[in-house]
Structures are given as C-alpha cells and as structure tokens.
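target-v2.tsv (TSV, C-alpha atoms) appears below.
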```tsv
chain	number	residue	atom	x	y	z
E	1	MET	CA	16.86	1.99	0.15
E	2	LEU	CA	18.42	4.54	-2.20
E	3	ALA	CA	19.05	1.88	-4.87
E	4	HIS	CA	15.46	0.60	-4.71
E	5	ASN	CA	14.08	4.16	-4.83
E	6	ALA	CA	16.19	4.89	-7.92
E	7	LEU	CA	14.85	1.78	-9.68
E	8	ARG	CA	11.26	2.72	-8.94
E	9	ALA	CA	11.79	6.34	-9.98
E	10	ALA	CA	13.33	5.24	-13.28
E	11	THR	CA	10.20	3.26	-14.22
E	12	LEU	CA	7.58	5.79	-13.11
E	13	ALA	CA	6.60	8.01	-16.05
E	14	ASN	CA	3.61	9.81	-14.53
E	15	TYR	CA	0.57	9.42	-12.35
E	16	THR	CA	-2.64	11.22	-11.51
E	17	ALA	CA	-4.57	11.07	-8.24
E	18	PHE	CA	-7.50	12.82	-6.64
E	19	ARG	CA	-6.83	14.60	-3.37
E	20	THR	CA	-9.00	16.03	-0.64
E	21	TYR	CA	-7.43	18.71	1.56
E	22	GLN	CA	-9.25	19.66	4.77
E	23	VAL	CA	-8.61	21.87	7.78
E	24	VAL	CA	-10.64	20.73	10.78
E	25	ASP	CA	-10.70	21.64	14.45
E	26	LEU	CA	-10.24	19.19	17.31
E	27	LYS	CA	-14.03	18.61	17.40
E	28	GLY	CA	-14.08	17.55	13.74
E	29	LYS	CA	-15.65	20.70	12.29
E	30	VAL	CA	-14.39	21.37	8.75
E	31	HIS	CA	-13.17	24.96	8.33
E	32	ALA	CA	-11.90	24.67	4.76
E	33	GLU	CA	-11.75	22.06	2.00
E	34	GLU	CA	-10.24	21.75	-1.45
E	35	ILE	CA	-10.66	18.78	-3.79
E	36	GLY	CA	-8.76	18.36	-7.01
E	37	GLN	CA	-6.48	16.29	-9.21
E	38	MET	CA	-2.71	16.13	-8.79
E	39	GLU	CA	-0.70	15.21	-11.87
E	40	TYR	CA	2.95	14.13	-11.66
E	41	ARG	CA	5.27	13.83	-14.64
E	42	ALA	CA	8.77	12.46	-14.28
E	43	PRO	CA	11.22	13.55	-13.21
E	44	ASP	CA	10.09	16.66	-11.32
E	45	GLN	CA	6.81	18.22	-12.46
E	46	LYS	CA	3.56	18.44	-10.51
E	47	LYS	CA	0.33	20.27	-11.29
E	48	PHE	CA	-2.77	20.54	-9.13
E	49	VAL	CA	-6.18	21.43	-10.59
E	50	VAL	CA	-8.94	22.34	-8.12
E	51	THR	CA	-12.33	20.79	-8.88
E	52	SER	CA	-14.24	22.03	-5.81
E	53	GLU	CA	-13.63	24.18	-2.74
E	54	SER	CA	-15.60	25.26	0.31
E	55	GLY	CA	-15.21	26.86	3.70
E	56	SER	CA	-13.09	29.79	4.78
E	57	VAL	CA	-11.45	31.63	1.90
E	58	LEU	CA	-8.75	32.93	4.26
E	59	VAL	CA	-7.85	29.45	5.53
E	60	ARG	CA	-7.75	28.06	1.98
E	61	ARG	CA	-5.47	30.87	0.84
E	62	LEU	CA	-3.10	30.88	3.82
E	63	ALA	CA	-3.03	27.15	4.58
E	64	LEU	CA	-4.20	24.90	1.75
E	65	ASN	CA	-2.99	26.90	-1.26
E	66	ALA	CA	0.35	27.56	0.44
E	67	LEU	CA	0.73	23.84	1.21
E	68	ILE	CA	0.04	22.81	-2.40
E	69	ALA	CA	2.44	25.44	-3.73
E	70	SER	CA	5.14	24.27	-1.31
E	71	GLU	CA	4.77	20.64	-2.44
E	72	ILE	CA	5.08	21.59	-6.09
E	73	GLU	CA	8.18	23.67	-5.27
E	74	THR	CA	9.70	20.81	-3.27
E	75	THR	CA	9.19	18.35	-6.15
E	76	SER	CA	11.12	20.46	-8.63
E	77	GLY	CA	14.72	21.56	-8.83
E	78	LYS	CA	17.10	21.94	-5.93
E	79	GLN	CA	14.48	21.50	-3.20
E	80	HIS	CA	13.57	18.04	-4.51
E	81	HIS	CA	17.12	16.75	-4.11
E	82	ASP	CA	17.63	18.51	-0.79
E	83	SER	CA	14.57	16.87	0.81
E	84	ALA	CA	15.37	13.24	-0.03
E	85	ILE	CA	15.87	10.73	2.78
E	86	SER	CA	19.57	10.21	2.10
E	87	PRO	CA	22.91	10.20	3.98
E	88	ALA	CA	23.50	13.75	2.75
E	89	ASN	CA	20.44	15.00	4.62
E	90	TYR	CA	19.85	12.64	7.55
E	91	SER	CA	21.41	10.37	10.14
E	92	LEU	CA	19.41	7.16	10.69
E	93	ASP	CA	19.55	5.08	13.85
E	94	LEU	CA	17.93	1.64	13.51
E	95	LEU	CA	15.56	0.98	16.42
E	96	GLY	CA	14.25	-2.46	15.47
E	97	GLU	CA	11.39	-3.99	13.49
E	98	GLN	CA	7.63	-3.49	13.64
E	99	GLN	CA	4.54	-4.61	11.76
E	100	VAL	CA	2.62	-1.80	10.00
E	101	GLY	CA	-0.60	-3.25	8.64
E	102	PRO	CA	0.41	-6.09	6.30
E	103	TYR	CA	4.03	-4.89	6.04
E	104	GLN	CA	7.02	-5.94	8.15
E	105	CYS	CA	9.15	-2.85	8.59
E	106	PHE	CA	12.46	-1.62	9.91
E	107	VAL	CA	12.00	1.34	12.27
E	108	ALA	CA	14.61	4.10	12.35
E	109	GLN	CA	15.08	7.35	14.23
E	110	VAL	CA	15.71	10.14	11.73
E	111	VAL	CA	17.83	13.19	12.61
E	112	PRO	CA	18.28	15.97	10.00
E	113	LYS	CA	21.80	17.22	9.37
E	114	ARG	CA	20.69	20.84	9.03
E	115	ARG	CA	17.80	23.09	10.04
E	116	ASP	CA	15.70	23.25	6.89
E	117	LYS	CA	11.92	23.56	6.48
E	118	TYR	CA	12.03	20.86	3.79
E	119	LEU	CA	13.56	18.32	6.20
E	120	PHE	CA	11.98	16.62	9.20
E	121	GLU	CA	12.90	15.02	12.51
E	122	GLY	CA	11.16	11.89	13.74
E	123	LYS	CA	10.75	8.20	12.87
E	124	VAL	CA	10.48	6.33	9.60
E	125	TRP	CA	9.15	2.84	8.87
E	126	ILE	CA	10.80	1.08	5.90
E	127	ASP	CA	9.38	-2.04	4.25
E	128	ALA	CA	11.74	-4.96	4.91
E	129	GLU	CA	11.20	-6.40	1.42
E	130	ASP	CA	10.94	-3.37	-0.88
E	131	TYR	CA	13.04	-0.95	1.21
E	132	ALA	CA	10.37	1.69	0.62
E	133	VAL	CA	9.03	4.18	3.14
E	134	VAL	CA	5.70	2.98	4.58
E	135	ARG	CA	5.14	5.60	7.28
E	136	ILE	CA	6.71	8.78	8.63
E	137	ASP	CA	6.03	10.43	12.00
E	138	GLY	CA	7.74	13.70	12.73
E	139	HIS	CA	7.87	17.48	12.62
E	140	PRO	CA	9.72	19.99	10.39
E	141	ALA	CA	13.38	20.51	11.22
E	142	LYS	CA	12.84	24.27	11.10
E	143	LYS	CA	9.93	26.40	12.26
E	144	LEU	CA	7.65	26.97	9.29
E	145	SER	CA	6.61	30.53	10.08
E	146	PHE	CA	5.84	33.06	12.81
E	147	TRP	CA	2.20	31.98	12.75
E	148	ILE	CA	2.75	28.21	12.99
E	149	GLN	CA	4.15	27.42	16.43
E	150	ARG	CA	4.34	23.65	15.92
E	151	ALA	CA	3.42	21.10	13.25
E	152	ASP	CA	3.48	17.35	13.96
E	153	PHE	CA	2.65	15.09	11.04
E	154	VAL	CA	1.95	11.47	10.14
E	155	ARG	CA	2.23	10.31	6.53
E	156	GLN	CA	1.14	6.86	5.39
E	157	TYR	CA	2.00	5.29	2.04
E	158	GLN	CA	0.26	2.65	-0.07
E	159	LYS	CA	1.65	0.21	-2.62
E	160	ILE	CA	0.19	0.60	-6.12
E	161	ASP	CA	1.66	-1.30	-9.09
E	162	ASN	CA	4.94	-1.82	-7.21
E	163	PHE	CA	5.17	1.90	-6.42
E	164	TRP	CA	4.80	3.37	-2.94
E	165	LEU	CA	2.65	6.50	-3.12
E	166	PRO	CA	1.06	8.72	-0.43
E	167	GLN	CA	-2.22	7.49	1.05
E	168	ARG	CA	-3.04	9.86	3.90
E	169	ASP	CA	-1.41	12.79	5.67
E	170	MET	CA	-2.40	14.22	9.03
E	171	THR	CA	-0.70	17.33	10.40
E	172	PHE	CA	-1.53	18.67	13.85
E	173	VAL	CA	-0.84	22.40	13.74
E	174	ASP	CA	-0.77	24.98	16.53
E	175	VAL	CA	-1.45	28.33	14.85
E	176	ARG	CA	-0.78	31.55	16.74
E	177	LEU	CA	-4.05	33.39	17.59
E	178	TYR	CA	-6.04	30.66	15.80
E	179	GLY	CA	-5.56	27.61	17.99
E	180	LYS	CA	-4.95	23.95	17.26
E	181	LYS	CA	-6.14	22.56	13.93
E	182	VAL	CA	-5.71	19.32	11.99
E	183	LEU	CA	-4.80	19.36	8.31
E	184	THR	CA	-5.65	16.15	6.45
E	185	ILE	CA	-4.83	15.07	2.90
E	186	ASP	CA	-6.46	11.97	1.43
E	187	HIS	CA	-4.97	10.53	-1.78
E	188	ARG	CA	-7.16	8.21	-3.87
E	189	ASP	CA	-7.94	6.89	-7.36
E	190	TYR	CA	-4.37	6.69	-8.59
E	191	SER	CA	-3.67	6.11	-12.27
E	192	VAL	CA	-0.03	5.09	-12.77
E	193	ASN	CA	1.88	4.94	-16.06
E	194	LEU	CA	5.27	3.30	-16.51
E	195	SER	CA	8.19	4.44	-18.61
E	196	VAL	CA	8.83	2.48	-21.80
E	197	ALA	CA	12.23	1.15	-22.83
E	198	ILE	CA	13.89	2.26	-26.06
E	199	ASP	CA	12.77	-0.92	-27.86
E	200	GLY	CA	9.18	-0.22	-26.85
E	201	THR	CA	8.89	-2.93	-24.20
E	202	PRO	CA	7.73	-2.07	-20.68
E	203	PRO	CA	10.46	-2.13	-18.02
E	204	CYS	CA	10.55	-4.90	-15.47
E	205	LYS	CA	8.79	-4.17	-12.18
E	206	CYS	CA	11.83	-4.42	-9.94
```
Rewrite the structure from the file as structure tokens, please.
Amino acid sequence: MLAHNALRAATLANYTAFRTYQVVDLKGKVHAEEIGQMEYRAPDQKKFVVTSESGSVLVRRLALNALIASEIETTSGKQHHDSAISPANYSLDLLGEQQVGPYQCFVAQVVPKRRDKYLFEGKVWIDAEDYAVVRIDGHPAKKLSFWIQRADFVRQYQKIDNFWLPQRDMTFVDVRLYGKKVLTIDHRDYSVNLSVAIDGTPPCKC
C-alpha cells in the first residue's frame, strides 16, 4: 500500500475541487453551510476559498472554519507525515475481504500506536487491485476538545484519473451543551493535473 501511494503521490501535481460543508441536526435541519473551492499543490499545500456561506455564524466559526484550518495544517509539515496510514503510526489486523460498491477490498482493523488527534481508530477498506484506501470508519485516537465528547466518522473515496480522492465525509458529533449533530463534506467537480517528467512527457499512470 505504501509503495502504491508513493507512486500516485509522485505523479499528482495539483488538483482543485468544490466542497460543501454542512452541519445538520438529526432531523436534517441545516444549521450552517460553507461552499468553496479547495486547491491542492504537491507536495503539501492546500488553500480553501469560500464562495458562499449561510446559517449560524458561531457554528461556522467554531466548527467549519476550525475543521478546514485543521485539514490544511494536517496536510503540511510534520502533521502530514505523522497522520499517514503507515507501520510507524498504526497496527493493522486483516479481517477478510468485502465488496464496497464496484471495488473488491481487503478489510483491516486499525489501531493507532499513540494517542494523537491526527490519528484514528477503526476499520479501513483497501482496494485489492490498487492498494488504495476506499473507505474509513472510525473515531479520533484522542479526544478533540472539551466541547466535543465523541466524533465518529465515515470517509468514502472515489477513483479519478487513477487517483483516489475524497468523495464524502460524515462525522457524527456529540457536542457538550449543544447535542448531537452531523457534519458532512461533499467533494465534487475535481480537476486533476499530473506531474511532467524532465523530458516533458507525462508520467505513466501506474
């Protein structure tokens, strides 16, 4: 898996995608929403530009803006390397195989090797052909804050131009004094650019 991830990372120059962030209650009422464009540039730069926002200013500031800032921080520098699914960070126990949509996957139990808010505990589904992560179910290895009592998440990936990129995130959060809420992130309209070799030819899509 690490070797395949390294090959894909080496050929991904940058991408842009539109994202919709929402905080909804268990009845489906939207309390806050932000829509914008996320831009990634290899190897570790992300920038998010908001195009529209609505709902509670307080929820956007404390939940959505904090989430976006945390992702950008995680992508860059030390946090990026510390959060990778690797033997340095996790122990994996193979549970078997399972079909996830059109993909045949290996299923593994994931146990973090340290209590860190950038790591998670749960299960991961890995494509049997590409050795790429297709789905993650879990919760943070460390409590996020005094206000967030629990956060269980599901992240689904999609295959675009031989790259596996986020498709949808759902996080079920129990917030102290505020109740249970669902945070969703929808990723759409990707535009992916590949790195170019020294001689000017595109790299092979390994």
Quiz item: Distance CA of Arg150 in chain E-CA of Val173 in chain E, one decimal place?
Solution: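 So the two atoms, CA of Arg150 in chain E and CA of Val173 in chain E, lie 5.8 Å apart.
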Can you tell me, as a PDB file with C-alpha atoms, keeping the file's coordinate frame, which residues sit within 9 Å of (15.9, 16.8, 10.0) in the file's frame, using all atoms listed in the file?
```
ATOM      1  CA  ASN E  89      20.440  15.000   4.620  1.00  0.00           C
ATOM      2  CA  TYR E  90      19.850  12.640   7.550  1.00  0.00           C
ATOM      3  CA  SER E  91      21.410  10.370  10.140  1.00  0.00           C
ATOM      4  CA  VAL E 110      15.710  10.140  11.730  1.00  0.00           C
ATOM      5  CA  VAL E 111      17.830  13.190  12.610  1.00  0.00           C
ATOM      6  CA  PRO E 112      18.280  15.970  10.000  1.00  0.00           C
ATOM      7  CA  LYS E 113      21.800  17.220   9.370  1.00  0.00           C
ATOM      8  CA  ARG E 114      20.690  20.840   9.030  1.00  0.00           C
ATOM      9  CA  ARG E 115      17.800  23.090  10.040  1.00  0.00           C
ATOM     10  CA  ASP E 116      15.700  23.250   6.890  1.00  0.00           C
ATOM     11  CA  LYS E 117      11.920  23.560   6.480  1.00  0.00           C
ATOM     12  CA  TYR E 118      12.030  20.860   3.790  1.00  0.00           C
ATOM     13  CA  LEU E 119      13.560  18.320   6.200  1.00  0.00           C
ATOM     14  CA  PHE E 120      11.980  16.620   9.200  1.00  0.00           C
ATOM     15  CA  GLU E 121      12.900  15.020  12.510  1.00  0.00           C
ATOM     16  CA  GLY E 122      11.160  11.890  13.740  1.00  0.00           C
ATOM     17  CA  HIS E 139       7.870  17.480  12.620  1.00  0.00           C
ATOM     18  CA  PRO E 140       9.720  19.990  10.390  1.00  0.00           C
ATOM     19  CA  ALA E 141      13.380  20.510  11.220  1.00  0.00           C
ATOM     20  CA  LYS E 142      12.840  24.270  11.100  1.00  0.00           C
TER      21      LYS E 142
END
```
Quiz item: For Lys29 in chain E, which of E:Asn193, E:Leu12, E:Val182, E:Asn65 is the closest residue, counting all atoms listed in the file?
Solution: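 Looking at the shortest contact to Lys29 in chain E, the residue is E:Val182.
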Leaving out Thr171 in chain E and any residue of its chain fewer than 5 positions from it, which residues lie within 8 Å of it when counting only C-alpha atoms, given as a JSON list (two decimals) with C-alpha atoms, in the coordinates of the input?
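File out18.json, as written:
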```json
[["chain", "number", "residue", "atom", "x", "y", "z"],
["E", 151, "ALA", "CA", 3.42, 21.10, 13.25],
["E", 152, "ASP", "CA", 3.48, 17.35, 13.96],
["E", 153, "PHE", "CA", 2.65, 15.09, 11.04],
["E", 154, "VAL", "CA", 1.95, 11.47, 10.14],
["E", 182, "VAL", "CA", -5.71, 19.32, 11.99],
["E", 183, "LEU", "CA", -4.80, 19.36, 8.31],
["E", 184, "THR", "CA", -5.65, 16.15, 6.45]]
```
Practice problem: Considering only C-alpha atoms, return as a list of chain:residue names whatever protein or nucleic-acid residues lie within 7 Å of Arg41 in chain E, sequence-local ones (same chain, fewer than 4 positions apart) excluded. | Solution: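 Residues meeting the cut-off are E:Ala13, E:Asn14, E:Tyr15, E:Gln45, E:Lys46.
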Practice problem: Using only C-alpha atoms, find the one residue out of E:Pro87, E:Pro43, E:Pro166, E:Gly179 that sits nearest to Val134 in chain E. | Solution: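 Answer, going by the shortest atom-to-atom distance: E:Pro166.
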Quiz prompt | CA of Thr16 in chain E to CA of Asp189 in chain E, distance in Å rounded to a single decimal | solution =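 Calculated distance between CA of Thr16 in chain E and CA of Asp189 in chain E is 8.0 Å.
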Exercise. Could you please determine the separation between CA of Ser83 in chain E and CA of Leu2 in chain E in Å, to one decimal place?
Key: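 Result for CA of Ser83 in chain E versus CA of Leu2 in chain E: 13.3 Å, one decimal.
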Practice problem: Tell me, as a list in words, which residues lie within 12 Å of Asn162 in chain E, counting all atoms listed in the file; anything in the same chain fewer than 4 positions away does not count. | Solution: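 Those residues are His4, Asn5, Leu7, Arg8, Ala9, Thr11, Leu12, Glu129, Asp130, Tyr131, Ala132, Gln158, Val192, Asn193, Leu194, Cys204, Lys205 and Cys206 of chain E.
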Practice problem: Determine the nearest neighbour of Glu39 in chain E from the options E:Val133, E:Val107, E:Ala17, E:Leu58, counting all atoms listed in the file. | Solution: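 Of all the options, E:Ala17 lies closest to Glu39 in chain E.
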Quiz item: Using all atoms listed in the file, which of the listed residues (E:Ile185, E:Ala66, E:Val124, E:Ile72) sits closest to Leu94 in chain E?
Solution: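 Of the candidates, the smallest distance to Leu94 in chain E is held by E:Val124.
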